[in-house]
Structure formats: structure tokens, C-alpha cells
Amino acid sequence: MGIEYILDCDCALRQEYGLDGMTEMFKHKNRVDTLYDIIKQTEPDKDINEVTYVHEKQTGGQTVRVTENLGEMKKKTDAFTEKLKVCSDCPCNLVLRHGETHEGMGCYRAISYPIDAIAENILVRAGRWIVANPGKMPYADLFIKFIEEKKITGKSIENLRKSNAPHPFFELKNAPGFSYGKMFRKSKINTNQMWAVLTTPRIPHSYSPMLFEFLEAFALVMNDESNFRSSNTTLELLILDQLMKKAVMNKVDVLVHV
């Protein structure tokens, strides 16, 4: 469960499975492969056709639990894996900083819940750095101005943060933030507002440079947080940085599901 991002690229997979079906099959593939490997290592003689695979599915606006046979699901995900080969030649397939690629669907990434405190503190550092260094990253400057001019409140994110759901969406119950500007005209920005921009349901490719450069500022100040390597959210934001860059290169929108 998390915030899902996918580049709005047309492809053979999308034509066959649909956008939701494609991302669901990709998530099933990762879960099924992991479960299959665990069973083979711990119970090598066990017949996977005797193992049940339980997952949640959206039906008519409701979430229902579905139980299937692991063996049958493995056949479906193996067939999907074979079709992922088309991703190798796709211009939307993400190549990471060190040249590694995902096993297909590099156009899709997610930020897992709960969003951790370390990453949120780095987001605040990034915001402070941007306003303290105007003009060094002009598109990142626009990120701050966008929040101000569009009067982004972050109310929807605040509601998620305060939610009584069984599993929290955020580690921190109160969004960290910072103040800036002249003494009698100070402005305030918190991470609820930042996440509100980062989770716009459709991020137009014209916005991607703004988000990409803001995340570049995030990467720049990241080393000031000594334990950033233990932050799963930080690592996922660094990959989102690359996904936004890919959106700029291909002039495609980014679709977001919270």
C-alpha cells in the first residue's frame, strides 16, 4: 500500500491489461515470486498448488479479499513476466543512476506507507535550502512559489496523516515545516503542502521539471541527515526523481494514485 506513480505511456501491455490491470499484475508478480521462492527454500517438497494466495481487490468501489490457488496465480504472473520483455525497448522504461533497470515496467514506481520521519525532515531541509539559495535551482524555486500562489493547503494529506486506519500513512502525526521571508511578511510551508503537490492525480509533463528539480534539491541536502540510508521513503523519493526526469524527456504526464 502506498502512493503509486506511472508514466502515461501507451504500450502493448496497457492495451491488453488496461492501466489498473497492468499495475495490479506487476504487484502480483513481485508478491507471487517472493512467496514462491520462500516456499521452495523452506519447504522444497511442498506442492504450490496446495498453497492459497490471498489478496485484496477493488470491486464496485469496495475492497474485497480474494483467495486463489498459488500455482494458478504463478502461471498468470509468469505469462505476464514473459510479456514484460517489451519494456526493454520502451522509451518510458526507467534507468536508474547506476544503470540498473527494473524487470520491466520501469514506468511504474511507488512510495510505500508509512512515510517516514527521516524523509519528511529532509523535505523540510530541501525547502529551506531552496528559499535560502534563490536562482540556483530555478524550477525548484517554482515549487515553493506554486504552493504559495495556488494556496495549496495540504488538507487532504492532513486527513491521511490523522487517519485512524489500522496502518498509519505517516510516522509523524504533525507535519514538520519551516518559515521564511521578511520578519513581518513571513510565509510558512509544511510537508502536507509538499505532499499535496507530489500527489496531484495527474501531474502534467509541464510540471515535471518543477518536481524533478525540487527532488534534486532533496538529494542535495540529503547527506545532512546522518541516517538517511535507513529511510525507505528517502530511497523511493530518489527513484521518483528519476521517474520525473523520464517524464520530462518523453513529454508524458505522470498518473498518481494515493
# chains A, B, ... in the order shown; residues from 1 in each chain; ligands from 1
>>> residues_around(residues="A:Leu211", least_positions_apart="2", cutoff="8 Å", atoms="only C-alpha atoms", output="count of residues only")
12
>>> select_by_dssp(residues="stretch 149-195 of chain A", states="alpha helix (DSSP H)", output="list of chain:residue names")
A:Glu149, A:Lys155, A:Ser156, A:Ile157, A:Glu158, A:Asn159, A:Leu160, A:Arg161, A:Thr191, A:Asn192, A:Gln193, A:Met194, A:Trp195
>>> write_last_selection(atoms="N, CA and C atoms", output="JSON list (two decimals), in the first residue's frame")
[["chain", "number", "residue", "atom", "x", "y", "z"],
["A", 149, "GLU", "N", 1.25, 30.48, -4.52],
["A", 149, "GLU", "CA", 0.31, 31.12, -5.45],
["A", 149, "GLU", "C", -0.99, 30.34, -5.62],
["A", 155, "LYS", "N", -4.70, 19.94, 2.99],
["A", 155, "LYS", "CA", -5.74, 19.41, 3.88],
["A", 155, "LYS", "C", -5.98, 17.92, 3.66],
["A", 156, "SER", "N", -5.97, 17.47, 2.40],
["A", 156, "SER", "CA", -6.21, 16.04, 2.13],
["A", 156, "SER", "C", -5.11, 15.18, 2.73],
["A", 157, "ILE", "N", -3.88, 15.69, 2.69],
["A", 157, "ILE", "CA", -2.75, 14.95, 3.29],
["A", 157, "ILE", "C", -2.86, 14.96, 4.80],
["A", 158, "GLU", "N", -3.29, 16.10, 5.36],
["A", 158, "GLU", "CA", -3.50, 16.19, 6.81],
["A", 158, "GLU", "C", -4.53, 15.16, 7.27],
["A", 159, "ASN", "N", -5.57, 14.97, 6.46],
["A", 159, "ASN", "CA", -6.59, 13.97, 6.80],
["A", 159, "ASN", "C", -6.01, 12.56, 6.80],
["A", 160, "LEU", "N", -5.15, 12.27, 5.83],
["A", 160, "LEU", "CA", -4.47, 10.97, 5.80],
["A", 160, "LEU", "C", -3.59, 10.80, 7.03],
["A", 161, "ARG", "N", -2.88, 11.86, 7.36],
["A", 161, "ARG", "CA", -1.94, 11.83, 8.49],
["A", 161, "ARG", "C", -2.67, 11.56, 9.81],
["A", 191, "THR", "N", 5.15, 19.90, 5.24],
["A", 191, "THR", "CA", 5.24, 18.76, 4.32],
["A", 191, "THR", "C", 3.88, 18.28, 3.82],
["A", 192, "ASN", "N", 2.80, 18.62, 4.53],
["A", 192, "ASN", "CA", 1.47, 18.30, 3.99],
["A", 192, "ASN", "C", 1.29, 18.99, 2.64],
["A", 193, "GLN", "N", 1.72, 20.25, 2.55],
["A", 193, "GLN", "CA", 1.59, 21.00, 1.30],
["A", 193, "GLN", "C", 2.50, 20.42, 0.21],
["A", 194, "MET", "N", 3.71, 20.02, 0.61],
["A", 194, "MET", "CA", 4.63, 19.43, -0.35],
["A", 194, "MET", "C", 4.08, 18.12, -0.93],
["A", 195, "TRP", "N", 3.55, 17.28, -0.03],
["A", 195, "TRP", "CA", 2.98, 16.01, -0.49],
["A", 195, "TRP", "C", 1.74, 16.22, -1.34]]
>>> atom_distance(atom1="atom CA of A:Gly2", atom2="atom CA of A:Ser112")
4.2 Å
>>> residues_around(residues="stretch 221-231 of chain A", least_positions_apart="2", cutoff="7 Å", atoms="only C-alpha atoms", output="ChimeraX atom specification")
/A:116,118-119,122,125-126,217-219,233-235
>>> residues_around(residues="stretch 175-185 of chain A", least_positions_apart="5", cutoff="8 Å", atoms="only C-alpha atoms", output="number ranges by chain")
A: 120-121, 124, 127-128, 131, 158, 190-192
>>> residues_around(residues="A:Ser88", least_positions_apart="3", cutoff="7 Å", atoms="only C-alpha atoms", output="PyMOL selection string")
chain A and resi 85+93+104
>>> write_last_selection(atoms="C-alpha atoms", output="PDB file, in the first residue's frame")
ATOM      1  CA  LYS A  85      10.126  -8.187 -22.266  1.00  0.00           C
ATOM      2  CA  ASN A  93      11.421   2.338 -19.096  1.00  0.00           C
ATOM      3  CA  GLY A 104      10.004  -4.418 -16.847  1.00  0.00           C
TER       4      GLY A 104
END
>>> closest_residue(among="A:Ile189, A:Val258, A:Met249, A:Asp78", to="A:Lys151", atoms="only C-alpha atoms")
A:Ile189
>>> residues_around(residues="stretch 54-59 of chain A", least_positions_apart="4", cutoff="9 Å", atoms="only C-alpha atoms", output="MDAnalysis selection string")
chainID A and resid 28 63:70
>>> atom_distance(atom1="atom CA of A:Pro114", atom2="atom CA of A:Pro168")
5.8 Å
